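*Asks:* Below is the file upload.pdb, with PDB, C-alpha atoms.
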```pdb
ATOM      1  CA  MET K   1      46.012 276.122 405.868
ATOM      2  CA  ALA K   2      47.372 274.719 402.590
ATOM      3  CA  THR K   3      48.826 277.141 400.045
ATOM      4  CA  LYS K   4      46.469 277.341 397.082
ATOM      5  CA  ILE K   5      48.186 277.203 393.685
ATOM      6  CA  LEU K   6      46.366 277.521 390.386
ATOM      7  CA  THR K   7      48.123 276.129 387.312
ATOM      8  CA  VAL K   8      46.757 277.406 384.002
ATOM      9  CA  ASP K   9      48.128 275.615 380.946
ATOM     10  CA  ASP K  10      46.548 273.966 377.922
ATOM     11  CA  SER K  11      49.021 271.133 378.262
ATOM     12  CA  ARG K  12      47.993 268.486 380.780
ATOM     13  CA  THR K  13      51.648 267.481 380.834
ATOM     14  CA  ILE K  14      52.712 270.862 382.207
ATOM     15  CA  ARG K  15      49.825 270.959 384.685
ATOM     16  CA  LEU K  16      50.935 267.561 385.930
ATOM     17  CA  ILE K  17      54.567 268.691 386.224
ATOM     18  CA  VAL K  18      53.525 271.828 388.127
ATOM     19  CA  GLY K  19      51.362 269.754 390.475
ATOM     20  CA  ARG K  20      54.195 267.287 390.981
ATOM     21  CA  ALA K  21      56.659 270.088 391.780
ATOM     22  CA  PHE K  22      54.551 271.196 394.759
ATOM     23  CA  GLN K  23      53.635 267.683 395.862
ATOM     24  CA  PRO K  24      56.137 267.640 398.790
ATOM     25  CA  PHE K  25      54.564 270.818 400.149
ATOM     26  CA  ASP K  26      51.320 271.541 401.904
ATOM     27  CA  CYS K  27      49.648 272.861 398.767
ATOM     28  CA  GLU K  28      46.248 272.547 397.203
ATOM     29  CA  ILE K  29      46.538 272.505 393.405
ATOM     30  CA  PHE K  30      43.803 273.744 391.083
ATOM     31  CA  GLU K  31      43.953 273.375 387.309
ATOM     32  CA  ALA K  32      42.607 275.261 384.320
ATOM     33  CA  ALA K  33      43.240 274.627 380.617
ATOM     34  CA  ASN K  34      43.029 278.199 379.287
ATOM     35  CA  GLY K  35      42.785 281.807 380.403
ATOM     36  CA  GLU K  36      39.011 281.846 380.479
ATOM     37  CA  GLU K  37      38.852 278.823 382.770
ATOM     38  CA  GLY K  38      41.761 280.283 384.698
ATOM     39  CA  LEU K  39      39.917 283.530 385.458
ATOM     40  CA  ALA K  40      36.880 281.581 386.633
ATOM     41  CA  ALA K  41      39.040 279.345 388.830
ATOM     42  CA  ALA K  42      40.894 282.359 390.232
ATOM     43  CA  ALA K  43      37.615 284.073 391.149
ATOM     44  CA  ARG K  44      36.261 280.896 392.716
ATOM     45  CA  GLU K  45      39.329 279.671 394.622
ATOM     46  CA  LYS K  46      41.238 282.901 395.320
ATOM     47  CA  PRO K  47      44.602 281.125 394.999
ATOM     48  CA  ASP K  48      47.763 282.318 396.730
ATOM     49  CA  LEU K  49      49.715 281.943 393.482
ATOM     50  CA  ILE K  50      48.953 281.410 389.796
ATOM     51  CA  VAL K  51      51.386 279.605 387.475
ATOM     52  CA  LEU K  52      50.279 280.823 384.068
ATOM     53  CA  ASP K  53      51.279 279.660 380.593
ATOM     54  CA  VAL K  54      51.619 282.359 377.938
ATOM     55  CA  THR K  55      50.499 280.538 374.786
ATOM     56  CA  MET K  56      47.072 278.921 375.081
ATOM     57  CA  PRO K  57      43.950 278.616 372.938
ATOM     58  CA  VAL K  58      40.624 280.333 373.796
ATOM     59  CA  MET K  59      42.328 282.959 375.996
ATOM     60  CA  ASP K  60      46.104 283.225 376.222
ATOM     61  CA  GLY K  61      48.071 283.915 379.372
ATOM     62  CA  VAL K  62      48.804 287.551 378.579
ATOM     63  CA  THR K  63      45.088 288.312 378.148
ATOM     64  CA  MET K  64      44.288 286.458 381.353
ATOM     65  CA  LEU K  65      46.962 288.432 383.208
ATOM     66  CA  VAL K  66      45.561 291.738 381.881
ATOM     67  CA  ASN K  67      42.041 290.708 382.971
ATOM     68  CA  LEU K  68      43.345 289.642 386.352
ATOM     69  CA  LYS K  69      45.038 292.988 386.936
ATOM     70  CA  GLU K  70      41.857 294.856 385.971
ATOM     71  CA  ASN K  71      39.820 292.982 388.569
ATOM     72  CA  PRO K  72      40.141 294.619 392.029
ATOM     73  CA  GLU K  73      39.381 291.300 393.758
ATOM     74  CA  LEU K  74      42.034 289.361 391.850
ATOM     75  CA  ARG K  75      44.708 291.894 390.978
ATOM     76  CA  ASN K  76      46.892 291.143 394.007
ATOM     77  CA  ILE K  77      47.204 287.422 393.319
ATOM     78  CA  PRO K  78      50.863 286.923 392.342
ATOM     79  CA  VAL K  79      51.497 285.316 388.962
ATOM     80  CA  ILE K  80      54.488 283.377 387.658
ATOM     81  CA  MET K  81      54.402 283.200 383.874
ATOM     82  CA  LEU K  82      55.621 280.099 382.041
ATOM     83  CA  THR K  83      56.866 280.709 378.533
ATOM     84  CA  ALA K  84      58.734 278.792 375.864
ATOM     85  CA  GLU K  85      60.013 282.115 374.492
ATOM     86  CA  ALA K  86      63.158 283.369 376.170
ATOM     87  CA  GLY K  87      63.519 286.583 374.130
ATOM     88  CA  HIS K  88      64.372 289.756 376.066
ATOM     89  CA  GLU K  89      61.395 291.680 374.669
ATOM     90  CA  ASN K  90      59.020 288.927 375.688
ATOM     91  CA  VAL K  91      60.341 288.884 379.227
ATOM     92  CA  VAL K  92      60.177 292.685 379.534
ATOM     93  CA  GLU K  93      56.590 292.633 378.257
ATOM     94  CA  ILE K  94      55.607 290.029 380.846
ATOM     95  CA  GLY K  95      57.127 292.184 383.598
ATOM     96  CA  LYS K  96      55.303 295.311 382.400
ATOM     97  CA  LEU K  97      51.978 293.513 382.588
ATOM     98  CA  GLY K  98      52.468 292.848 386.278
ATOM     99  CA  ALA K  99      53.674 289.249 386.500
ATOM    100  CA  ARG K 100      55.800 288.733 389.612
ATOM    101  CA  ASP K 101      58.206 286.361 387.917
ATOM    102  CA  TYR K 102      58.632 284.162 384.876
ATOM    103  CA  LEU K 103      60.124 280.802 384.046
ATOM    104  CA  ILE K 104      61.294 279.726 380.647
ATOM    105  CA  LYS K 105      60.468 276.242 379.377
ATOM    106  CA  PRO K 106      62.237 273.871 379.620
ATOM    107  CA  PHE K 107      62.449 274.163 383.389
ATOM    108  CA  LYS K 108      63.265 271.919 386.316
ATOM    109  CA  GLU K 109      60.631 271.420 388.998
ATOM    110  CA  ASN K 110      62.967 272.741 391.701
ATOM    111  CA  GLN K 111      63.366 275.997 389.721
ATOM    112  CA  LEU K 112      59.611 276.509 389.869
ATOM    113  CA  VAL K 113      59.506 275.733 393.589
ATOM    114  CA  GLU K 114      62.379 278.134 394.198
ATOM    115  CA  ARG K 115      60.617 280.962 392.306
ATOM    116  CA  ALA K 116      57.323 280.232 394.057
ATOM    117  CA  SER K 117      58.932 280.174 397.500
ATOM    118  CA  ARG K 118      60.150 283.742 396.960
ATOM    119  CA  ILE K 119      56.509 284.780 396.660
ATOM    120  CA  VAL K 120      54.476 282.488 398.915
ATOM    121  CA  GLU K 121      55.277 280.459 401.982
ATOM    122  CA  LEU K 122      55.708 276.784 401.136
ATOM    123  CA  ARG K 123      55.541 274.440 404.093
ATOM    124  CA  LYS K 124      56.803 270.880 403.749
ATOM    125  CA  LYS K 125      54.091 268.308 404.271
ATOM    126  CA  THR K 126      54.302 266.682 407.681
ATOM    127  CA  VAL K 127      54.423 262.887 407.622
ATOM    128  CA  GLU K 128      51.267 261.621 409.220
ATOM    129  CA  CYS K 129      51.521 258.464 411.304
ATOM    130  CA  GLY K 130      48.894 255.811 410.717
ATOM    131  CA  THR K 131      46.194 255.602 413.365
ATOM    132  CA  ASP K 132      44.699 252.277 412.415
ATOM    133  CA  HIS K 133      47.088 250.256 414.554
ATOM    134  CA  PRO K 134      45.597 248.771 417.702
TER     135      PRO K 134
ATOM    136  CA  MET W 135      73.189 287.517 354.268
ATOM    137  CA  ASN W 136      73.993 283.966 353.237
ATOM    138  CA  GLN W 137      70.878 281.821 353.657
ATOM    139  CA  THR W 138      72.826 278.572 353.982
ATOM    140  CA  ILE W 139      74.862 279.980 356.852
ATOM    141  CA  GLU W 140      71.673 281.081 358.583
ATOM    142  CA  LEU W 141      70.137 277.629 358.331
ATOM    143  CA  SER W 142      73.309 275.948 359.546
ATOM    144  CA  SER W 143      73.473 278.405 362.471
ATOM    145  CA  ALA W 144      69.856 277.602 363.314
ATOM    146  CA  CYS W 145      70.746 273.907 363.247
ATOM    147  CA  GLU W 146      73.712 274.487 365.553
ATOM    148  CA  PHE W 147      71.430 276.276 367.986
ATOM    149  CA  MET W 148      68.787 273.559 367.690
ATOM    150  CA  THR W 149      71.325 270.827 368.423
ATOM    151  CA  GLN W 150      72.185 272.480 371.748
ATOM    152  CA  HIS W 151      68.532 273.208 372.496
ATOM    153  CA  VAL W 152      67.369 269.611 371.919
ATOM    154  CA  VAL W 153      70.078 268.379 374.303
ATOM    155  CA  SER W 154      68.935 270.949 376.881
ATOM    156  CA  VAL W 155      65.223 270.088 376.566
ATOM    157  CA  PHE W 156      65.947 266.365 376.902
ATOM    158  CA  ASP W 157      68.161 266.900 379.931
ATOM    159  CA  THR W 158      65.867 269.372 381.706
ATOM    160  CA  MET W 159      62.445 267.885 381.062
ATOM    161  CA  LEU W 160      63.185 264.195 380.601
ATOM    162  CA  SER W 161      66.478 263.638 382.440
ATOM    163  CA  LEU W 162      67.635 261.870 379.279
ATOM    164  CA  ARG W 163      70.855 262.383 377.370
ATOM    165  CA  ALA W 164      70.415 263.159 373.681
ATOM    166  CA  THR W 165      73.356 263.181 371.304
ATOM    167  CA  LEU W 166      73.505 264.178 367.671
ATOM    168  CA  ALA W 167      73.510 261.007 365.570
ATOM    169  CA  ALA W 168      76.334 260.447 363.122
ATOM    170  CA  LYS W 169      73.833 259.918 360.334
ATOM    171  CA  ASN W 170      70.921 262.293 359.850
ATOM    172  CA  GLY W 171      67.523 261.101 358.702
ATOM    173  CA  LEU W 172      64.027 260.351 359.884
ATOM    174  CA  PRO W 173      63.436 257.469 362.299
ATOM    175  CA  PHE W 174      62.150 254.423 360.457
ATOM    176  CA  ALA W 175      58.999 253.069 362.081
ATOM    177  CA  ALA W 176      55.689 251.471 361.200
ATOM    178  CA  GLU W 177      53.823 254.126 363.175
ATOM    179  CA  ARG W 178      55.186 257.641 363.556
ATOM    180  CA  VAL W 179      54.275 260.686 365.611
ATOM    181  CA  THR W 180      55.226 264.163 364.450
ATOM    182  CA  GLY W 181      54.878 267.373 366.414
ATOM    183  CA  THR W 182      54.797 270.478 364.250
ATOM    184  CA  ALA W 183      54.704 274.238 364.798
ATOM    185  CA  GLY W 184      55.280 277.214 362.543
ATOM    186  CA  PHE W 185      57.060 280.520 362.927
ATOM    187  CA  GLY W 186      56.929 283.671 360.862
ATOM    188  CA  GLY W 187      58.146 287.254 360.742
ATOM    189  CA  ASP W 188      59.097 289.994 358.316
ATOM    190  CA  ASN W 189      62.310 288.363 357.158
ATOM    191  CA  LEU W 190      61.523 284.676 357.208
ATOM    192  CA  ASN W 191      58.990 281.991 357.980
ATOM    193  CA  GLY W 192      59.155 278.284 358.445
ATOM    194  CA  VAL W 193      58.073 275.112 360.171
ATOM    195  CA  LEU W 194      59.664 272.844 362.747
ATOM    196  CA  TYR W 195      58.847 269.128 362.905
ATOM    197  CA  LEU W 196      59.716 266.750 365.729
ATOM    198  CA  HIS W 197      59.600 263.185 364.373
ATOM    199  CA  LEU W 198      59.483 260.091 366.561
ATOM    200  CA  SER W 199      58.391 256.501 366.280
ATOM    201  CA  ALA W 200      55.217 255.794 368.260
ATOM    202  CA  ALA W 201      57.257 253.628 370.635
ATOM    203  CA  THR W 202      59.817 256.391 371.225
ATOM    204  CA  ALA W 203      57.015 258.908 371.791
ATOM    205  CA  ALA W 204      55.556 256.610 374.458
ATOM    206  CA  ARG W 205      58.957 256.277 376.147
ATOM    207  CA  LEU W 206      59.440 260.063 376.135
ATOM    208  CA  ALA W 207      55.986 260.502 377.664
ATOM    209  CA  SER W 208      56.915 257.920 380.277
ATOM    210  CA  ALA W 209      60.074 259.866 381.141
ATOM    211  CA  MET W 210      58.250 263.188 381.364
ATOM    212  CA  LEU W 211      55.165 261.984 383.235
ATOM    213  CA  ARG W 212      57.051 259.371 385.280
ATOM    214  CA  LEU W 213      54.472 256.739 384.475
ATOM    215  CA  PRO W 214      54.846 253.330 382.794
ATOM    216  CA  ALA W 215      54.736 253.793 379.001
ATOM    217  CA  ASP W 216      51.971 251.232 378.526
ATOM    218  CA  GLU W 217      49.700 253.079 380.967
ATOM    219  CA  ILE W 218      49.781 256.399 379.106
ATOM    220  CA  PRO W 219      46.885 256.957 376.683
ATOM    221  CA  GLU W 220      47.579 258.172 373.153
ATOM    222  CA  ASN W 221      46.164 261.663 373.759
ATOM    223  CA  GLU W 222      48.586 262.214 376.659
ATOM    224  CA  ILE W 223      51.520 260.979 374.571
ATOM    225  CA  ASN W 224      50.450 263.483 371.918
ATOM    226  CA  ASP W 225      50.319 266.194 374.587
ATOM    227  CA  VAL W 226      53.900 265.439 375.643
ATOM    228  CA  VAL W 227      55.108 265.518 372.021
ATOM    229  CA  GLY W 228      53.206 268.783 371.524
ATOM    230  CA  GLU W 229      54.794 270.320 374.608
ATOM    231  CA  MET W 230      58.271 269.266 373.503
ATOM    232  CA  THR W 231      57.586 270.773 370.075
ATOM    233  CA  ASN W 232      56.440 273.955 371.799
ATOM    234  CA  MET W 233      59.683 274.152 373.778
ATOM    235  CA  LEU W 234      61.786 273.555 370.664
ATOM    236  CA  ILE W 235      59.983 276.162 368.551
ATOM    237  CA  GLY W 236      59.995 278.610 371.470
ATOM    238  CA  GLY W 237      63.759 278.307 371.719
ATOM    239  CA  LEU W 238      64.157 278.723 367.970
ATOM    240  CA  LYS W 239      61.897 281.780 367.983
ATOM    241  CA  SER W 240      63.952 283.373 370.756
ATOM    242  CA  TRP W 241      67.189 282.571 368.934
ATOM    243  CA  LEU W 242      65.872 284.071 365.683
ATOM    244  CA  THR W 243      64.678 287.174 367.542
ATOM    245  CA  ASN W 244      68.099 287.575 369.153
ATOM    246  CA  CYS W 245      69.632 287.231 365.673
ATOM    247  CA  GLY W 246      67.577 290.179 364.445
ATOM    248  CA  ALA W 247      64.727 288.253 362.847
ATOM    249  CA  PRO W 248      61.802 288.666 365.276
ATOM    250  CA  CYS W 249      58.922 286.330 364.588
ATOM    251  CA  ALA W 250      55.773 284.850 366.058
ATOM    252  CA  MET W 251      55.113 281.170 366.536
ATOM    253  CA  SER W 252      52.057 278.971 366.258
ATOM    254  CA  THR W 253      50.715 276.509 368.790
ATOM    255  CA  PRO W 254      51.851 272.952 368.062
ATOM    256  CA  ALA W 255      49.861 270.292 366.221
ATOM    257  CA  ILE W 256      50.351 266.535 366.086
ATOM    258  CA  ILE W 257      50.439 264.242 363.067
ATOM    259  CA  ARG W 258      50.177 260.525 363.788
ATOM    260  CA  GLY W 259      50.105 257.835 361.140
ATOM    261  CA  THR W 260      51.733 254.930 359.398
ATOM    262  CA  CYS W 261      52.724 256.329 356.037
ATOM    263  CA  TYR W 262      53.287 260.005 355.419
ATOM    264  CA  ALA W 263      55.991 262.248 354.074
ATOM    265  CA  ILE W 264      56.592 265.956 354.481
ATOM    266  CA  GLU W 265      57.799 267.809 351.443
ATOM    267  CA  THR W 266      59.882 270.956 351.620
ATOM    268  CA  PRO W 267      58.437 273.878 349.655
ATOM    269  CA  SER W 268      60.635 274.539 346.622
ATOM    270  CA  ASP W 269      61.632 277.992 347.871
ATOM    271  CA  ALA W 270      62.530 276.852 351.398
ATOM    272  CA  LYS W 271      65.765 275.539 352.860
ATOM    273  CA  SER W 272      65.520 272.484 355.077
ATOM    274  CA  SER W 273      67.615 270.319 357.320
ATOM    275  CA  VAL W 274      67.018 267.186 359.382
ATOM    276  CA  LEU W 275      68.893 266.593 362.634
ATOM    277  CA  ALA W 276      68.722 263.115 364.153
ATOM    278  CA  PHE W 277      69.427 262.479 367.826
ATOM    279  CA  GLU W 278      70.027 259.291 369.738
ATOM    280  CA  SER W 279      68.677 258.958 373.247
ATOM    281  CA  GLU W 280      67.863 256.187 375.717
ATOM    282  CA  ALA W 281      64.235 256.547 374.582
ATOM    283  CA  GLY W 282      65.094 256.002 370.918
ATOM    284  CA  ILE W 283      65.884 258.106 367.872
ATOM    285  CA  VAL W 284      64.228 261.476 367.422
ATOM    286  CA  ALA W 285      64.613 263.789 364.452
ATOM    287  CA  VAL W 286      64.097 267.531 364.245
ATOM    288  CA  GLU W 287      63.346 268.858 360.772
ATOM    289  CA  ILE W 288      63.533 272.604 360.120
ATOM    290  CA  HIS W 289      62.170 274.349 357.039
ATOM    291  CA  ILE W 290      63.022 278.031 356.630
ATOM    292  CA  ARG W 291      61.961 280.314 353.815
ATOM    293  CA  PHE W 292      63.819 283.617 353.650
ATOM    294  CA  GLU W 293      61.833 286.574 352.335
TER     295      GLU W 293
END
```
Just give me the structure as structure tokens.

*Replies:*
Amino acid sequence: MATKILTVDDSRTIRLIVGRAFQPFDCEIFEAANGEEGLAAAAREKPDLIVLDVTMPVMDGVTMLVNLKENPELRNIPVIMLTAEAGHENVVEIGKLGARDYLIKPFKENQLVERASRIVELRKKTVECGTDHP
Amino acid sequence: MNQTIELSSACEFMTQHVVSVFDTMLSLRATLAAKNGLPFAAERVTGTAGFGGDNLNGVLYLHLSAATAARLASAMLRLPADEIPENEINDVVGEMTNMLIGGLKSWLTNCGAPCAMSTPAIIRGTCYAIETPSDAKSSVLAFESEAGIVAVEIHIRFE
């Protein structure tokens, strides 16, 4: 079964980069543009991992993480936080709230994959042979 | 504390940070241009975000020509520049602005001036100028890259 990954970011650019990072793997990617949509998507899809931006309109990533941890059905979904703020206090705060890991923007796609693979099993996609040949 | 030294230190940090953001997110090499100034272009795109704390506040602007913005979006999204709609180019410029202001915020916090930052906004147009408030210090850093010239303008007002 494909690993389900939910990317929550108001930037379509970052959602695209996150999706692209996991493209070589057997993953199903779900997207949400803010924390509110992210909570709904998490409840609906029960992802194996959430990649969550900190700064977003409507509901930010910290509020979404707090809500997630208060929900018994969703609290065990591991979360990697994405943040443009590298300050020590910020990172400590993210850890206290229950995020499994964090990644500071700018980041390379392989850094994200490496962090994710510490948390969930990522299987390389198998190359399927065409079956339309006679 | 000398305000001029603080602004020049912020500019030194920003020079390194721009190079890092270009390398990491765009796989492009950016180098500080010999001559500072805004890129001249018929149509410009500017990403902007603010920061503020007890000791200081300010604004960061990322200025690009529309053509350079499209090439940066192409590098980040790995799509042909002419296939990327304007709103997605704006999103890329906004995200780059977010990364630049996030780095500056962290640097300021580490320097003992903790602050918060705003979400980025985009200005796009053919003829506009940004004026520095009279009580703020400002600096413009221009960078050359394969995508074109980009300029980072920093305004800081010390309380």

*Asks:* Would you mind listing what lies within 8 Å of stretch 90-102 of chain K as a PyMOL selection string, with all atoms listed in the file counted and same-chain residues fewer than 3 positions away left out?

*Replies:* chain K and resi 62+65-66+69+78-83+85-87+115

*Asks:* Excluding W:Phe185 and any residue of its chain fewer than 6 positions from it, enumerate the residues within 12 Å of it, using only C-alpha atoms, and give them as a ChimeraX atom specification.

*Replies:* /W:191-195,232,234-243,247-254,288-292

*Asks:* Expand the PyMOL selection byres ((chain K) within 10 of (chain W)) into the explicit residue set it covers here, and present it as a list in words.

*Replies:*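 That expression, the PyMOL selection byres ((chain K) within 10 of (chain W)), corresponds here to Asp10, Ser11, Arg12, Thr13, Ile14, Leu16, Ile17, Arg20, Thr55, Met56, Pro57, Thr83, Ala84, Glu85, Ala86, Gly87, His88, Glu89, Asn90, Ile104, Lys105, Pro106, Phe107, Lys108 and Glu109 of chain K.
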
*Asks:* Name every residue that the PyMOL selection byres ((chain W and resi 165) around 12) selects in this structure, writing the answer as a VMD selection string with chains first and numbers rising.

*Replies:* chain W and resid 148 to 157 162 to 164 166 to 170 275 to 285

*Asks:* Just want the 10 Å neighbourhood of stretch 22-33 of chain K, counted on all atoms listed in the file, with same-chain residues fewer than 4 positions away dropped. Output as a VMD selection string.

*Replies:* chain K and resid 1 to 12 15 to 18 37 to 42 45 47 to 53 56 to 59 109 to 110 112 to 113 116 121 to 126
